[in-house]
file target-v7.cif (mmCIF, C-alpha atoms)
data_work
loop_
_atom_site.label_atom_id
_atom_site.label_comp_id
_atom_site.auth_asym_id
_atom_site.auth_seq_id
_atom_site.Cartn_x
_atom_site.Cartn_y
_atom_site.Cartn_z
CA MET A 1 0.00 0.00 0.00
CA LYS A 2 1.27 3.47 -0.93
CA ILE A 3 0.15 7.03 -0.21
CA THR A 4 -1.17 8.65 -3.39
CA ASP A 5 -2.57 11.95 -2.15
CA VAL A 6 -2.61 14.23 0.90
CA ARG A 7 -5.50 16.68 0.96
CA VAL A 8 -5.68 19.64 3.33
CA TYR A 9 -8.93 21.36 4.28
CA VAL A 10 -9.45 24.58 6.22
CA THR A 11 -13.10 24.77 7.12
CA SER A 12 -15.17 26.94 9.44
CA PRO A 13 -18.73 25.63 9.89
CA VAL A 14 -18.95 27.97 12.90
CA LYS A 15 -16.69 30.88 13.91
CA GLN A 16 -13.88 28.46 14.82
CA PRO A 17 -11.79 27.22 11.84
CA PHE A 18 -10.44 23.66 11.72
CA VAL A 19 -7.46 22.28 9.78
CA LEU A 20 -8.19 18.75 8.56
CA VAL A 21 -6.17 16.25 6.54
CA LYS A 22 -7.17 13.29 4.37
CA ILE A 23 -4.48 10.82 3.33
CA VAL A 24 -5.50 8.66 0.35
CA THR A 25 -3.87 5.36 -0.58
CA ASP A 26 -3.73 3.29 -3.77
CA SER A 27 -5.92 0.65 -2.10
CA GLY A 28 -8.82 3.08 -1.71
CA ILE A 29 -8.44 3.21 2.07
CA TYR A 30 -8.04 6.71 3.46
CA GLY A 31 -7.39 8.22 6.87
CA VAL A 32 -8.33 11.55 8.43
CA GLY A 33 -6.45 13.71 10.93
CA GLU A 34 -6.54 17.18 12.42
CA GLY A 35 -3.97 19.92 12.95
CA SER A 36 -6.15 22.81 14.13
CA LYS A 37 -4.17 25.50 15.92
CA ASN A 38 -6.38 28.27 17.22
CA GLY A 39 -5.35 31.58 15.63
CA ARG A 40 -2.69 30.04 13.36
CA GLU A 41 -4.74 27.73 11.16
CA LEU A 42 -3.43 29.01 7.83
CA ALA A 43 0.17 28.59 8.96
CA VAL A 44 -0.46 24.91 9.72
CA ALA A 45 -2.31 24.42 6.43
CA SER A 46 0.50 26.04 4.45
CA LEU A 47 3.12 23.83 6.11
CA LEU A 48 1.07 20.74 5.34
CA GLU A 49 0.35 21.64 1.71
CA ASN A 50 3.71 23.05 0.66
CA HIS A 51 6.25 21.08 2.66
CA ILE A 52 4.85 17.93 4.26
CA ALA A 53 2.41 16.55 1.68
CA PRO A 54 5.02 16.24 -1.12
CA MET A 55 7.27 14.20 1.21
CA LEU A 56 4.60 11.54 1.74
CA ILE A 57 3.59 10.60 -1.78
CA GLY A 58 4.65 7.01 -2.53
CA ARG A 59 5.43 6.11 1.07
CA ASP A 60 4.05 3.18 3.04
CA PRO A 61 1.28 4.56 5.34
CA GLY A 62 1.92 1.73 7.79
CA ALA A 63 5.42 3.02 8.65
CA ILE A 64 4.05 5.45 11.23
CA GLU A 65 7.10 5.69 13.48
CA ASP A 66 9.45 6.17 10.52
CA ILE A 67 7.26 8.85 8.94
CA TRP A 68 6.93 10.66 12.28
CA LYS A 69 10.71 10.87 12.69
CA LEU A 70 11.10 11.94 9.05
CA LEU A 71 8.70 14.85 9.51
CA TYR A 72 10.16 15.89 12.87
CA ARG A 73 13.83 15.73 11.89
CA GLY A 74 13.73 16.09 8.12
CA ALA A 75 13.35 19.88 8.02
CA TYR A 76 16.36 20.43 10.34
CA TRP A 77 14.34 22.97 12.38
CA ARG A 78 12.45 20.91 14.95
CA GLY A 79 9.35 21.43 17.01
CA GLY A 80 7.18 24.45 17.65
CA PRO A 81 3.37 24.60 17.82
CA ILE A 82 2.84 24.95 14.05
CA GLN A 83 5.05 22.04 13.05
CA MET A 84 3.82 19.75 15.83
CA SER A 85 0.19 20.42 14.89
CA ALA A 86 0.93 19.59 11.26
CA ILE A 87 2.72 16.39 12.23
CA ALA A 88 -0.20 15.51 14.51
CA ALA A 89 -2.64 15.72 11.59
CA ILE A 90 -0.54 13.30 9.54
CA ASP A 91 0.02 10.95 12.47
CA MET A 92 -3.70 10.74 13.26
CA ALA A 93 -4.54 10.01 9.63
CA LEU A 94 -1.92 7.24 9.46
CA TRP A 95 -3.29 5.61 12.60
CA ASP A 96 -6.79 5.87 11.10
CA ILE A 97 -5.57 3.99 8.04
CA LYS A 98 -3.85 1.35 10.18
CA GLY A 99 -7.04 0.79 12.16
CA LYS A 100 -9.11 0.42 9.00
CA VAL A 101 -6.61 -2.04 7.50
CA ALA A 102 -6.64 -4.13 10.70
CA GLY A 103 -10.39 -3.83 11.14
CA LEU A 104 -9.82 -2.73 14.74
CA PRO A 105 -10.26 0.45 16.75
CA VAL A 106 -6.98 2.32 17.17
CA TYR A 107 -7.02 1.86 20.95
CA SER A 108 -6.85 -1.88 20.35
CA LEU A 109 -3.67 -1.41 18.31
CA LEU A 110 -2.21 0.70 21.15
CA GLY A 111 -2.52 -2.16 23.61
CA GLY A 112 -6.23 -2.65 24.04
CA PRO A 113 -8.81 -1.08 26.33
CA THR A 114 -7.95 -0.38 29.96
CA ARG A 115 -11.45 0.85 30.82
CA LYS A 116 -15.03 0.67 29.59
CA GLY A 117 -15.38 4.43 29.10
CA ILE A 118 -13.70 7.71 29.93
CA LEU A 119 -14.40 10.40 32.51
CA THR A 120 -14.95 13.83 30.96
CA TYR A 121 -15.43 17.34 32.26
CA TYR A 122 -17.27 20.36 30.95
CA HIS A 123 -17.09 24.12 31.54
CA ALA A 124 -19.38 26.23 33.71
CA SER A 125 -19.18 30.00 33.86
CA GLY A 126 -21.12 33.14 34.64
CA ASN A 127 -20.96 36.81 35.45
CA THR A 128 -21.87 36.17 39.09
CA PHE A 129 -21.39 33.39 41.64
CA GLU A 130 -25.10 32.62 41.33
CA GLU A 131 -24.85 32.17 37.55
CA VAL A 132 -21.84 29.89 37.90
CA ALA A 133 -23.62 27.73 40.49
CA GLU A 134 -26.64 27.49 38.20
CA ASP A 135 -24.42 26.41 35.31
CA VAL A 136 -22.65 23.82 37.47
CA ARG A 137 -26.00 22.33 38.50
CA LYS A 138 -27.15 22.20 34.88
CA HIS A 139 -24.10 20.26 33.71
CA TYR A 140 -24.16 18.00 36.76
CA GLU A 141 -27.78 17.10 35.99
CA GLN A 142 -26.68 16.32 32.40
CA GLY A 143 -24.34 13.69 33.81
CA PHE A 144 -21.01 15.47 34.19
CA LYS A 145 -19.38 14.42 37.44
CA VAL A 146 -16.48 16.87 37.06
CA ILE A 147 -16.96 20.53 36.07
CA ARG A 148 -14.59 23.44 35.53
CA ALA A 149 -15.86 26.67 37.12
CA GLN A 150 -14.89 30.22 36.08
CA VAL A 151 -16.42 33.57 37.01
CA ALA A 152 -16.09 36.97 35.38
CA VAL A 153 -14.24 39.65 37.33
CA GLU A 154 -16.19 42.90 37.31
CA GLY A 155 -14.42 45.62 35.35
CA HIS A 156 -11.89 43.17 33.89
CA PRO A 157 -13.45 41.50 30.82
CA GLY A 158 -10.22 39.85 29.70
CA GLY A 159 -10.64 36.60 31.61
CA TYR A 160 -11.44 34.21 28.79
CA GLY A 161 -13.52 31.20 29.65
CA ALA A 162 -15.55 33.26 32.13
CA GLY A 163 -18.67 35.35 31.93
CA ARG A 164 -21.65 35.47 29.63
CA GLY A 165 -23.35 37.91 27.36
CA PRO A 166 -22.18 40.17 24.53
CA ASN A 167 -18.65 41.51 24.34
CA PRO A 168 -18.48 43.86 21.33
CA GLU A 169 -14.68 44.24 21.43
CA ARG A 170 -14.14 40.48 21.49
CA ASP A 171 -16.69 39.90 18.72
CA LYS A 172 -15.07 42.59 16.56
CA ALA A 173 -11.63 41.04 17.03
CA GLN A 174 -12.96 37.61 16.05
CA GLU A 175 -14.59 39.00 12.90
CA GLU A 176 -11.31 40.67 11.92
CA GLN A 177 -9.34 37.52 12.87
CA LEU A 178 -7.23 39.48 15.34
CA PRO A 179 -6.34 38.68 18.97
CA TYR A 180 -8.78 40.01 21.54
CA GLU A 181 -7.03 42.40 23.92
CA GLY A 182 -9.06 42.36 27.10
CA VAL A 183 -8.42 43.85 30.52
CA TRP A 184 -7.01 41.56 33.19
CA GLU A 185 -5.44 42.32 36.57
CA PRO A 186 -4.15 39.62 38.94
CA GLU A 187 -5.30 41.03 42.29
CA PRO A 188 -9.05 41.34 41.54
CA TYR A 189 -8.88 37.89 39.98
CA LEU A 190 -7.09 36.36 42.96
CA GLN A 191 -9.61 37.88 45.35
CA SER A 192 -12.53 36.36 43.44
CA VAL A 193 -11.53 32.72 42.93
CA ALA A 194 -11.49 31.24 46.44
CA PRO A 195 -14.79 32.95 47.42
CA LEU A 196 -16.33 31.48 44.25
CA PHE A 197 -15.44 27.94 45.30
CA ALA A 198 -16.55 28.54 48.87
CA TYR A 199 -19.93 29.58 47.45
CA LEU A 200 -20.06 26.61 45.09
CA ARG A 201 -19.39 24.12 47.88
CA GLU A 202 -22.22 25.69 49.89
CA GLN A 203 -24.63 25.64 46.95
CA VAL A 204 -23.83 22.44 45.03
CA GLY A 205 -22.15 20.36 47.73
CA TRP A 206 -19.27 17.92 47.51
CA ASP A 207 -20.59 15.21 45.17
CA VAL A 208 -19.44 17.14 42.10
CA GLN A 209 -15.70 17.46 41.54
CA LEU A 210 -14.56 20.96 40.59
CA LEU A 211 -11.69 22.39 38.56
CA HIS A 212 -10.38 25.87 37.87
CA ASP A 213 -8.17 27.27 35.10
CA ALA A 214 -5.77 30.17 35.75
CA HIS A 215 -4.72 30.17 32.06
CA GLY A 216 -1.03 30.55 32.89
CA ARG A 217 -1.33 34.23 33.78
CA LEU A 218 0.09 34.22 37.30
CA THR A 219 3.59 34.57 38.64
CA PRO A 220 4.82 31.59 40.67
CA ILE A 221 4.21 33.31 44.01
CA GLN A 222 0.73 34.44 42.95
CA ALA A 223 -0.04 30.91 41.81
CA ALA A 224 1.22 29.54 45.13
CA ARG A 225 -1.15 31.88 46.95
CA LEU A 226 -4.08 30.76 44.79
CA ALA A 227 -3.31 27.06 45.26
CA LYS A 228 -3.17 27.58 49.03
CA ASP A 229 -6.41 29.59 49.07
CA LEU A 230 -8.20 26.83 47.12
CA GLU A 231 -6.97 23.96 49.29
CA PRO A 232 -10.07 23.79 51.55
CA TYR A 233 -12.36 23.25 48.56
CA LYS A 234 -10.64 20.05 47.35
CA LEU A 235 -10.36 20.74 43.63
CA MET A 236 -9.59 17.86 41.31
CA PHE A 237 -6.88 20.18 40.00
CA LEU A 238 -5.84 23.77 39.43
CA GLU A 239 -5.04 24.14 35.75
CA ASP A 240 -2.13 26.15 34.34
CA PRO A 241 -1.37 28.19 37.47
CA ILE A 242 1.76 29.46 35.66
CA GLY A 243 3.06 29.22 32.12
CA PRO A 244 5.29 26.33 31.03
CA GLU A 245 8.34 28.41 30.14
CA ASN A 246 10.11 27.96 33.50
CA PRO A 247 9.33 24.43 34.70
CA GLN A 248 11.46 24.79 37.85
CA SER A 249 9.10 27.53 39.07
CA MET A 250 6.33 24.95 39.50
CA GLN A 251 8.13 23.79 42.64
CA ILE A 252 7.08 27.05 44.34
CA VAL A 253 3.43 26.30 43.57
CA ARG A 254 3.76 22.66 44.61
CA ASN A 255 5.31 23.55 47.97
CA ALA A 256 2.47 25.91 48.86
CA SER A 257 -0.40 23.42 49.13
CA THR A 258 -1.82 19.99 48.39
CA THR A 259 -4.05 21.34 45.61
CA PRO A 260 -3.36 19.09 42.59
CA ILE A 261 -1.79 20.84 39.60
CA ALA A 262 -2.37 20.36 35.88
CA ILE A 263 -0.41 21.91 33.01
CA GLY A 264 0.24 21.41 29.32
CA GLU A 265 -2.48 23.08 27.27
CA VAL A 266 0.01 25.30 25.39
CA ILE A 267 2.91 22.84 25.43
CA SER A 268 3.93 21.55 22.00
CA SER A 269 6.71 19.12 22.91
CA ILE A 270 7.14 16.29 25.38
CA HIS A 271 10.53 17.81 26.16
CA GLN A 272 8.85 20.89 27.65
CA ILE A 273 6.82 18.96 30.18
CA LEU A 274 9.36 16.25 30.96
CA PRO A 275 11.17 18.26 33.71
CA MET A 276 7.87 18.68 35.59
CA ILE A 277 7.19 14.96 35.28
CA ILE A 278 10.60 13.99 36.62
CA SER A 279 10.42 16.50 39.49
CA GLU A 280 6.82 15.41 40.25
CA THR A 281 5.65 19.00 40.52
CA ILE A 282 2.44 18.30 38.58
CA ASP A 283 -0.36 15.75 38.91
CA TYR A 284 -2.01 15.93 35.47
CA MET A 285 -0.67 16.49 31.93
CA ARG A 286 -2.91 18.62 29.71
CA CYS A 287 -1.01 18.37 26.40
CA SER A 288 -3.10 16.35 23.97
CA PRO A 289 -2.23 14.46 20.77
CA ILE A 290 -3.13 17.41 18.54
CA HIS A 291 -0.61 19.65 20.32
CA ILE A 292 2.47 17.43 20.56
CA GLY A 293 2.58 15.61 17.25
CA GLY A 294 -0.24 13.10 17.33
CA ILE A 295 -1.12 9.75 18.83
CA THR A 296 2.43 8.39 18.58
CA PRO A 297 4.10 10.86 21.02
CA ALA A 298 1.00 11.12 23.24
CA ARG A 299 1.18 7.39 23.95
CA LYS A 300 4.89 7.67 24.71
CA LEU A 301 4.34 10.66 27.01
CA ALA A 302 1.73 8.75 29.00
CA ALA A 303 4.15 5.86 29.42
CA LEU A 304 6.89 8.24 30.61
CA ALA A 305 4.57 9.75 33.23
CA GLU A 306 3.12 6.49 34.52
CA PRO A 307 5.97 5.58 36.94
CA PHE A 308 5.70 9.07 38.45
CA ASN A 309 1.97 8.65 39.20
CA ILE A 310 1.07 11.52 36.87
CA LYS A 311 -2.19 11.19 34.97
CA THR A 312 -3.49 12.60 31.70
CA ALA A 313 -6.09 15.33 31.32
CA PHE A 314 -5.88 15.98 27.59
CA HIS A 315 -6.97 19.37 26.27
CA GLY A 316 -10.28 19.11 24.41
CA PRO A 317 -12.08 22.44 23.88
CA ARG A 318 -14.38 23.40 21.03
CA ASP A 319 -11.47 24.69 18.93
CA ILE A 320 -10.63 21.04 18.32
CA SER A 321 -13.03 19.15 16.05
CA PRO A 322 -14.42 15.66 16.73
CA ILE A 323 -11.49 14.20 14.74
CA GLY A 324 -8.93 15.53 17.23
CA ASP A 325 -11.19 14.56 20.11
CA ALA A 326 -11.44 11.00 18.78
CA ALA A 327 -7.64 10.70 18.60
CA ALA A 328 -7.36 11.74 22.24
CA VAL A 329 -10.06 9.29 23.28
CA HIS A 330 -8.27 6.35 21.64
CA VAL A 331 -5.16 7.16 23.67
CA ASP A 332 -7.32 7.63 26.79
CA MET A 333 -8.81 4.18 26.32
CA SER A 334 -5.45 2.43 25.99
CA ILE A 335 -3.35 3.87 28.83
CA GLU A 336 -3.15 2.91 32.49
CA ASN A 337 -2.67 6.45 33.83
CA PHE A 338 -5.69 8.12 32.26
CA GLY A 339 -7.14 10.81 34.49
CA ILE A 340 -9.86 12.78 32.72
CA GLN A 341 -10.68 14.22 29.29
CA GLU A 342 -11.77 17.80 28.68
CA TRP A 343 -14.91 17.79 26.56
CA GLY A 344 -16.29 20.62 24.44
CA GLN A 345 -19.71 19.73 23.10
CA GLN A 346 -19.83 20.53 19.39
CA SER A 347 -22.60 22.17 17.42
CA ASP A 348 -24.74 20.31 14.92
CA GLU A 349 -22.94 22.20 12.11
CA VAL A 350 -19.56 20.85 13.22
CA LYS A 351 -20.90 17.32 13.55
CA ALA A 352 -22.42 17.52 10.07
CA MET A 353 -19.08 18.66 8.63
CA ILE A 354 -17.33 15.56 10.00
CA THR A 355 -19.98 13.11 8.84
#

call {"tool": "encode", "arguments": {"input": "target-v7.cif", "output": "structure tokens"}}
result
Amino acid sequence: MKITDVRVYVTSPVKQPFVLVKIVTDSGIYGVGEGSKNGRELAVASLLENHIAPMLIGRDPGAIEDIWKLLYRGAYWRGGPIQMSAIAAIDMALWDIKGKVAGLPVYSLLGGPTRKGILTYYHASGNTFEEVAEDVRKHYEQGFKVIRAQVAVEGHPGGYGAGRGPNPERDKAQEEQLPYEGVWEPEPYLQSVAPLFAYLREQVGWDVQLLHDAHGRLTPIQAARLAKDLEPYKLMFLEDPIGPENPQSMQIVRNASTTPIAIGEVISSIHQILPMIISETIDYMRCSPIHIGGITPARKLAALAEPFNIKTAFHGPRDISPIGDAAAVHVDMSIENFGIQEWGQQSDEVKAMIT
């Protein structure tokens, strides 16, 4: 079997664009993958079309490991979020082909199922504590046992993932395909988070597990303060308390409390997160297959983390299509140290695009 064509699609059934790949073989079997990178979709598509696709024509689609190393090392310049997303799209499509050839789900080829299903979490938000509590209840009643909770900070509309209602500046930036420049200050934010979770525990109780995302905006000492303040409310984890650029700084956050820590959403290489695995300063890894080069490195990363008792919590928002979500789920199903999967429910338009 040989690869005869690599087709790249940039599609936007809703406001969020997706970068999708279809690898066609001479046997008629094809595979699909995804390399969506929020805000840099055209860069990924250009890399795929102009540099990667020509390298694959005539190659054996079953040689996944060899092709992965070719794409990673062959251009001399290695890594980076654009290249790793493009490689991820190819890797997913190759695994899709392998599964179709074998007549088996990909998780079976990765070692077989380690569970009957996967635990997922969803996002709750609001402009007030009351709105957040209402949203948590709604998702809990829908069956979500774990929920991420965010609240807007009055006068500071730059906290993405929080708040409801119109935001003309954000909407204008999205229409012009430019970054949204909101207003965000650490002190008002820090003063709002712990009281939110105190309120949630009073209103929704302890049966639901809660998460919170700091989006990597805090300094290490600010993050340490937040982790300590949240300790009484027993979060499943505090996500991205700091950015990943200085992994040794996570030790400051770790030493401050027993609040579990998750990181990895903006990490594009297993080498970036490896120091935090070895030092055991995190509890959950958030970097998903679509960010770090596909199913192949995601499976390896999980194996690296397993002896350190670190679990996965793969990124899975609505800026990843069901194709990327499916790749993450196949890894989730096959590994021993699965923790939880972020889940962004997609619109009917997105689902129709995939089918």

call {"tool": "resolve_selection", "arguments": {"input": "target-v7.cif", "expression": "the PyMOL selection byres ((chain A and resi 208-217) around 6)", "output": "ChimeraX atom specification"}}
result
/A:145-149,206-207,218,235-243

call {"tool": "atom_distance", "arguments": {"input": "target-v7.cif", "atom1": "CA of Lys228 (chain A)", "atom2": "CA of Met276 (chain A)"}}
result
19.5 Å

call {"tool": "resolve_selection", "arguments": {"input": "target-v7.cif", "expression": "the PyMOL selection byres ((chain A and resi 116) around 12)", "output": "list in words"}}
result
Tyr107, Gly112, Pro113, Thr114, Arg115, Gly117, Ile118, Leu119, Val329, His330, Asp332, Met333 and Ser334 of chain A

call {"tool": "atom_distance", "arguments": {"input": "target-v7.cif", "atom1": "CA of Ala43 (chain A)", "atom2": "CA of Val10 (chain A)"}}
result
10.8 Å

call {"tool": "residues_around", "arguments": {"input": "target-v7.cif", "residues": "Arg59 (chain A)", "least_positions_apart": "3", "cutoff": "7 Å", "atoms": "only C-alpha atoms", "output": "list in words"}}
result
Lys2, Ile3 and Leu56 of chain A
